[in-house]
>>> print(open('run-v9.json').read())   # JSON, C-alpha atoms
[["chain", "number", "residue", "atom", "x", "y", "z"],
["A", 13, "MET", "CA", 146.00, 43.31, 210.74],
["A", 14, "GLY", "CA", 142.50, 42.67, 209.42],
["A", 15, "ASP", "CA", 140.35, 39.60, 209.56],
["A", 16, "PRO", "CA", 141.38, 37.43, 206.56],
["A", 17, "LEU", "CA", 137.88, 35.94, 206.36],
["A", 18, "GLN", "CA", 136.37, 39.45, 206.15],
["A", 19, "ASP", "CA", 139.00, 41.03, 203.89],
["A", 20, "GLN", "CA", 137.77, 41.57, 200.35],
["A", 21, "CYS", "CA", 140.44, 40.39, 197.88],
["A", 22, "THR", "CA", 140.64, 39.36, 194.28],
["A", 23, "VAL", "CA", 140.63, 35.64, 193.63],
["A", 24, "ILE", "CA", 143.95, 35.97, 191.80],
["A", 25, "GLU", "CA", 145.58, 37.64, 194.85],
["A", 26, "LEU", "CA", 144.38, 34.85, 197.14],
["A", 27, "ALA", "CA", 145.45, 32.09, 194.75],
["A", 28, "SER", "CA", 148.82, 33.68, 193.84],
["A", 29, "SER", "CA", 149.80, 34.04, 197.47],
["A", 30, "GLY", "CA", 148.67, 30.52, 198.34],
["A", 31, "GLN", "CA", 146.63, 32.08, 201.13],
["A", 32, "VAL", "CA", 145.71, 29.75, 203.98],
["A", 33, "ILE", "CA", 142.98, 31.03, 206.28],
["A", 34, "GLU", "CA", 142.24, 29.43, 209.64],
["A", 35, "ILE", "CA", 138.57, 29.46, 210.62],
["A", 36, "SER", "CA", 137.92, 29.78, 214.34],
["A", 37, "ASN", "CA", 134.74, 31.70, 214.92],
["A", 38, "LYS", "CA", 131.29, 31.40, 216.48],
["A", 39, "ILE", "CA", 128.01, 30.87, 214.63],
["A", 40, "SER", "CA", 127.14, 34.49, 215.50],
["A", 41, "TYR", "CA", 130.05, 35.63, 213.26],
["A", 42, "PHE", "CA", 128.16, 34.27, 210.26],
["A", 43, "ASP", "CA", 125.04, 36.48, 210.17],
["A", 44, "GLY", "CA", 123.11, 34.50, 207.55],
["A", 45, "LEU", "CA", 123.77, 31.14, 209.20],
["A", 46, "ALA", "CA", 122.88, 32.55, 212.63],
["A", 47, "SER", "CA", 119.57, 33.97, 211.35],
["A", 48, "ILE", "CA", 118.59, 30.60, 209.83],
["A", 49, "VAL", "CA", 119.38, 28.75, 213.07],
["A", 50, "GLU", "CA", 117.53, 31.40, 215.09],
["A", 51, "ALA", "CA", 114.45, 31.16, 212.84],
["A", 52, "ASP", "CA", 114.38, 27.38, 213.35],
["A", 53, "LEU", "CA", 114.76, 27.66, 217.12],
["A", 54, "THR", "CA", 111.88, 30.13, 217.45],
["A", 55, "ALA", "CA", 109.54, 27.15, 216.93],
["A", 56, "LEU", "CA", 110.50, 26.09, 220.46],
["A", 57, "SER", "CA", 109.05, 27.55, 223.62],
["A", 58, "PRO", "CA", 111.49, 30.11, 225.07],
["A", 59, "ASP", "CA", 112.48, 27.81, 227.95],
["A", 60, "LYS", "CA", 113.57, 25.08, 225.50],
["A", 61, "ILE", "CA", 115.77, 27.27, 223.29],
["A", 62, "PRO", "CA", 119.36, 26.16, 223.95],
["A", 63, "VAL", "CA", 121.33, 28.79, 225.83],
["A", 64, "GLY", "CA", 124.49, 29.82, 224.02],
["A", 65, "TRP", "CA", 123.57, 28.39, 220.62],
["A", 66, "ARG", "CA", 125.20, 31.46, 219.01],
["A", 67, "ASP", "CA", 128.51, 30.52, 220.67],
["A", 68, "SER", "CA", 128.88, 27.17, 218.92],
["A", 69, "ASP", "CA", 132.37, 27.02, 217.38],
["A", 70, "VAL", "CA", 133.00, 26.97, 213.64],
["A", 71, "HIS", "CA", 136.45, 25.51, 212.96],
["A", 72, "GLY", "CA", 138.29, 24.81, 209.76],
["A", 73, "GLU", "CA", 140.68, 26.05, 207.12],
["A", 74, "LEU", "CA", 140.61, 27.40, 203.57],
["A", 75, "GLN", "CA", 143.56, 27.00, 201.18],
["A", 76, "PHE", "CA", 143.71, 29.04, 197.99],
["A", 77, "GLY", "CA", 145.84, 28.19, 194.97],
["A", 78, "PHE", "CA", 145.69, 27.30, 191.30],
["A", 79, "ALA", "CA", 144.51, 24.13, 189.59],
["A", 80, "GLY", "CA", 145.57, 22.81, 186.24],
["A", 81, "ILE", "CA", 148.90, 22.35, 184.54],
["A", 82, "GLU", "CA", 148.97, 25.99, 183.44],
["A", 83, "LYS", "CA", 148.17, 27.12, 187.00],
["A", 84, "ASN", "CA", 145.55, 29.52, 185.67],
["A", 85, "LEU", "CA", 142.40, 28.29, 187.42],
["A", 86, "PRO", "CA", 141.95, 29.81, 190.88],
["A", 87, "MET", "CA", 140.74, 27.29, 193.43],
["A", 88, "VAL", "CA", 139.99, 26.87, 197.10],
["A", 89, "THR", "CA", 139.99, 23.69, 199.16],
["A", 90, "GLY", "CA", 139.62, 23.07, 202.86],
["A", 91, "SER", "CA", 137.16, 22.03, 205.51],
["A", 92, "ALA", "CA", 134.94, 23.47, 208.21],
["A", 93, "ARG", "CA", 132.65, 22.02, 210.84],
["A", 94, "VAL", "CA", 130.14, 23.29, 213.36],
["A", 95, "THR", "CA", 127.62, 21.78, 215.75],
["A", 96, "VAL", "CA", 124.23, 23.36, 215.13],
["A", 97, "ASP", "CA", 121.24, 23.51, 217.47],
["A", 98, "ALA", "CA", 117.94, 22.80, 215.74],
["A", 99, "VAL", "CA", 114.41, 21.52, 216.19],
["A", 100, "CYS", "CA", 113.79, 17.85, 215.39],
["A", 101, "GLN", "CA", 111.01, 17.80, 212.83],
["A", 102, "ARG", "CA", 109.84, 14.41, 214.08],
["A", 103, "CYS", "CA", 109.45, 15.11, 217.82],
["A", 104, "LEU", "CA", 109.61, 18.94, 217.80],
["A", 105, "GLU", "CA", 112.26, 18.97, 220.55],
["A", 106, "PRO", "CA", 115.69, 20.63, 220.57],
["A", 107, "MET", "CA", 118.59, 18.65, 219.14],
["A", 108, "GLN", "CA", 122.12, 19.11, 217.86],
["A", 109, "PHE", "CA", 123.82, 17.86, 214.73],
["A", 110, "GLU", "CA", 127.21, 18.40, 213.12],
["A", 111, "VAL", "CA", 127.60, 20.13, 209.78],
["A", 112, "GLN", "CA", 130.85, 19.46, 207.98],
["A", 113, "ILE", "CA", 131.96, 20.82, 204.62],
["A", 114, "GLU", "CA", 135.00, 19.99, 202.52],
["A", 115, "PRO", "CA", 135.00, 22.44, 199.63],
["A", 116, "LYS", "CA", 136.99, 21.79, 196.51],
["A", 117, "LEU", "CA", 136.02, 24.72, 194.31],
["A", 118, "LEU", "CA", 137.21, 26.34, 191.11],
["A", 119, "LEU", "CA", 136.59, 30.08, 191.46],
["A", 120, "LEU", "CA", 135.64, 31.21, 187.95],
["A", 121, "SER", "CA", 133.91, 34.20, 186.41],
["A", 122, "SER", "CA", 130.57, 33.58, 184.73],
["A", 123, "GLU", "CA", 132.26, 33.87, 181.32],
["A", 124, "GLN", "CA", 134.74, 31.07, 182.04],
["A", 125, "SER", "CA", 134.06, 27.40, 181.50],
["A", 126, "VAL", "CA", 136.25, 24.43, 182.12],
["A", 127, "ASP", "CA", 136.28, 20.74, 181.24],
["A", 128, "GLY", "CA", 138.22, 17.88, 182.78],
["A", 129, "TYR", "CA", 138.12, 19.02, 186.41],
["A", 130, "ASP", "CA", 135.40, 16.73, 187.67],
["A", 131, "GLU", "CA", 136.89, 16.59, 191.18],
["A", 132, "PHE", "CA", 136.08, 20.30, 191.57],
["A", 133, "GLU", "CA", 132.78, 22.09, 191.86],
["A", 134, "VAL", "CA", 132.62, 25.31, 189.85],
["A", 135, "TRP", "CA", 131.86, 28.39, 191.94],
["A", 136, "GLU", "CA", 130.80, 31.21, 189.63],
["A", 137, "LEU", "CA", 131.80, 34.67, 190.77],
["A", 138, "ALA", "CA", 129.81, 37.76, 189.82],
["A", 139, "GLU", "CA", 132.82, 39.95, 190.70],
["A", 140, "THR", "CA", 136.57, 39.42, 190.74],
["A", 141, "GLU", "CA", 136.72, 40.20, 194.46],
["A", 142, "LEU", "CA", 135.30, 38.10, 197.25],
["A", 143, "ARG", "CA", 135.25, 37.70, 201.00],
["A", 144, "PRO", "CA", 136.27, 34.17, 202.07],
["A", 145, "LYS", "CA", 133.69, 34.44, 204.86],
["A", 146, "ASP", "CA", 130.92, 34.50, 202.23],
["A", 147, "ILE", "CA", 132.09, 31.20, 200.72],
["A", 148, "VAL", "CA", 132.28, 29.47, 204.11],
["A", 149, "GLU", "CA", 128.90, 30.78, 205.19],
["A", 150, "GLU", "CA", 127.14, 29.83, 201.97],
["A", 151, "LEU", "CA", 128.62, 26.34, 202.00],
["A", 152, "LEU", "CA", 127.56, 25.80, 205.64],
["A", 153, "ILE", "CA", 124.04, 27.00, 204.85],
["A", 154, "MET", "CA", 123.82, 24.70, 201.82],
["A", 155, "ALA", "CA", 124.94, 21.77, 204.02],
["A", 156, "LEU", "CA", 122.08, 22.26, 206.49],
["A", 157, "PRO", "CA", 119.43, 19.55, 206.21],
["A", 158, "LEU", "CA", 116.00, 20.51, 204.92],
["A", 159, "SER", "CA", 114.42, 18.67, 207.86],
["A", 160, "ALA", "CA", 116.54, 18.16, 210.93],
["A", 161, "MET", "CA", 115.78, 14.93, 212.79],
["A", 162, "HIS", "CA", 117.46, 12.85, 215.43],
["A", 163, "ASN", "CA", 119.64, 10.16, 213.84],
["A", 164, "LYS", "CA", 118.65, 7.57, 216.42],
["A", 165, "THR", "CA", 115.02, 6.86, 217.22],
["A", 166, "ALA", "CA", 116.04, 6.34, 220.85],
["A", 167, "ASP", "CA", 117.17, 9.99, 221.01],
["A", 168, "CYS", "CA", 113.93, 11.21, 219.50],
["A", 169, "LYS", "CA", 111.05, 12.06, 221.82],
["A", 170, "VAL", "CA", 108.60, 10.82, 219.18],
["A", 171, "LEU", "CA", 108.45, 7.50, 221.03],
["A", 172, "SER", "CA", 107.16, 7.38, 224.56],
["A", 173, "VAL", "CA", 106.59, 4.55, 227.01],
["A", 174, "ASN", "CA", 102.94, 3.95, 227.87],
["A", 175, "ASP", "CA", 101.54, 2.75, 231.21],
["A", 176, "GLU", "CA", 102.13, -0.87, 230.20],
["A", 177, "GLY", "CA", 105.84, -0.27, 229.46],
["A", 178, "ARG", "CA", 105.48, -0.43, 225.67],
["A", 179, "GLU", "CA", 106.80, 2.23, 223.31],
["A", 180, "GLU", "CA", 104.16, 4.28, 221.54],
["A", 181, "LEU", "CA", 104.45, 6.74, 218.72],
["A", 182, "VAL", "CA", 103.79, 10.29, 219.92],
["A", 183, "ARG", "CA", 101.76, 12.23, 217.43],
["A", 184, "PRO", "CA", 102.29, 15.93, 218.17],
["A", 185, "PHE", "CA", 99.54, 17.00, 215.77],
["A", 186, "ALA", "CA", 96.95, 14.41, 216.84],
["A", 187, "THR", "CA", 94.96, 16.99, 218.79],
["A", 188, "LEU", "CA", 95.03, 19.30, 215.79],
["A", 189, "ARG", "CA", 93.57, 16.57, 213.60],
["A", 190, "SER", "CA", 90.82, 15.76, 216.08],
["A", 191, "GLN", "CA", 90.04, 19.48, 216.36],
["A", 192, "MET", "CA", 89.80, 19.79, 212.56],
["A", 193, "ILE", "CA", 87.43, 16.82, 212.43],
["A", 194, "GLN", "CA", 85.31, 18.35, 215.19],
["A", 195, "ASN", "CA", 85.22, 21.70, 213.34],
["A", 196, "GLU", "CA", 83.99, 19.95, 210.18],
["A", 197, "LYS", "CA", 81.24, 18.24, 212.14],
["A", 198, "ASP", "CA", 80.22, 21.56, 213.71],
["A", 199, "LEU", "CA", 79.86, 23.13, 210.26],
["A", 200, "ILE", "CA", 77.46, 20.45, 209.09]]
>>> encode(input="run-v9.json", output="structure tokens")
Amino acid sequence: MGDPLQDQCTVIELASSGQVIEISNKISYFDGLASIVEADLTALSPDKIPVGWRDSDVHGELQFGFAGIEKNLPMVTGSARVTVDAVCQRCLEPMQFEVQIEPKLLLLSSEQSVDGYDEFEVWELAETELRPKDIVEELLIMALPLSAMHNKTADCKVLSVNDEGREELVRPFATLRSQMIQNEKDLI
């Protein structure tokens, strides 16, 4: 038996059968997602890159069916979640955050249009066949934040305690700024 996430099927086959697909994989299974996470983590020194980040679990479920009274609009609903390792853009240190998706999609060809289904997002298909893995991966990628940052300031290394016991803002690019100013002075 094949991998139902990898199997290429028509949308009508998936919806007609009421296919339910359990998602229980690692980030490494999703090549595009893994390459984005890896590119982010390369900003860290090698000793700070979290070991085993590729082994973070992706769990969830996809349910295919039809929407509408006529049962002629293929759809997929479900959920998936994963904990992703990243670099905090505030303190430039490793961090983790959870990405969770809850798709509610109408799977339509580019020629189809539909009104009155505001609870669904329209997912236009270039072909009649798809791999469920591609939907999950694209949705997870779209759910990634543009700038990952610690949710709590206390978790973020951007604040440090000075010699007097007070918190100070750490400015990771302060030396770069002073160097740029010095370079300008040297040119004059």
>>> closest_residue(input="run-v9.json", among="A:Ser57, A:Asn163, A:Ser190, A:Ser68", to="Met107 (chain A)", atoms="only C-alpha atoms")
A:Asn163
>>> closest_residue(input="run-v9.json", among="A:Val70, A:Val126, A:Val23, A:Val99", to="Asp52 (chain A)", atoms="all atoms listed in the file")
A:Val99
>>> residues_near_point(input="run-v9.json", point="(139.8, 30.3, 191.4)", cutoff="10 Å", atoms="only C-alpha atoms", output="JSON, numbers by chain")
{"A": [22, 23, 24, 25, 26, 27, 28, 76, 77, 78, 79, 83, 84, 85, 86, 87, 88, 117, 118, 119, 120, 121, 134, 135, 136, 137, 140]}
>>> write_last_selection(input="run-v9.json", atoms="C-alpha atoms", output="CSV table (one decimal), in the frame of the given file")
chain,number,residue,atom,x,y,z
A,22,THR,CA,140.6,39.4,194.3
A,23,VAL,CA,140.6,35.6,193.6
A,24,ILE,CA,144.0,36.0,191.8
A,25,GLU,CA,145.6,37.6,194.8
A,26,LEU,CA,144.4,34.8,197.1
A,27,ALA,CA,145.4,32.1,194.8
A,28,SER,CA,148.8,33.7,193.8
A,76,PHE,CA,143.7,29.0,198.0
A,77,GLY,CA,145.8,28.2,195.0
A,78,PHE,CA,145.7,27.3,191.3
A,79,ALA,CA,144.5,24.1,189.6
A,83,LYS,CA,148.2,27.1,187.0
A,84,ASN,CA,145.6,29.5,185.7
A,85,LEU,CA,142.4,28.3,187.4
A,86,PRO,CA,142.0,29.8,190.9
A,87,MET,CA,140.7,27.3,193.4
A,88,VAL,CA,140.0,26.9,197.1
A,117,LEU,CA,136.0,24.7,194.3
A,118,LEU,CA,137.2,26.3,191.1
A,119,LEU,CA,136.6,30.1,191.5
A,120,LEU,CA,135.6,31.2,188.0
A,121,SER,CA,133.9,34.2,186.4
A,134,VAL,CA,132.6,25.3,189.8
A,135,TRP,CA,131.9,28.4,191.9
A,136,GLU,CA,130.8,31.2,189.6
A,137,LEU,CA,131.8,34.7,190.8
A,140,THR,CA,136.6,39.4,190.7
>>> residues_around(input="run-v9.json", residues="region 37-40 of chain A", least_positions_apart="2", cutoff="8 Å", atoms="only C-alpha atoms", output="list in words")
Ile35, Phe42, Asp43, Leu45, Ala46, Trp65, Arg66, Asp67, Ser68, Asp69, Val70, His71 and Val94 of chain A
>>> closest_residue(input="run-v9.json", among="A:Gln194, A:Gln112, A:Thr95, A:Gln20", to="Ala155 (chain A)", atoms="only C-alpha atoms")
A:Gln112
>>> closest_residue(input="run-v9.json", among="A:Leu152, A:Ala138, A:Ile147, A:Cys168", to="Ser122 (chain A)", atoms="only C-alpha atoms")
A:Ala138
>>> axis_aligned_box(input="run-v9.json", around="region 114-122 of chain A", padding_each_side="8 Å", output="AutoDock Vina command-line options")
--center_x 133.9 --center_y 27.1 --center_z 193.6 --size_x 22.6 --size_y 30.2 --size_z 33.8
>>> atom_distance(input="run-v9.json", atom1="CA of Leu53 (chain A)", atom2="CA of Ala160 (chain A)")
11.5 Å
>>> closest_residue(input="run-v9.json", among="A:Asp127, A:Asp97, A:Glu105, A:Asp19", to="Ile48 (chain A)", atoms="only C-alpha atoms")
A:Asp97
>>> closest_residue(input="run-v9.json", among="A:Glu110, A:Glu73, A:Asp59, A:Asp15", to="Met161 (chain A)", atoms="all atoms listed in the file")
A:Glu110
>>> atom_distance(input="run-v9.json", atom1="CA of Glu114 (chain A)", atom2="CA of Arg143 (chain A)")
17.8 Å
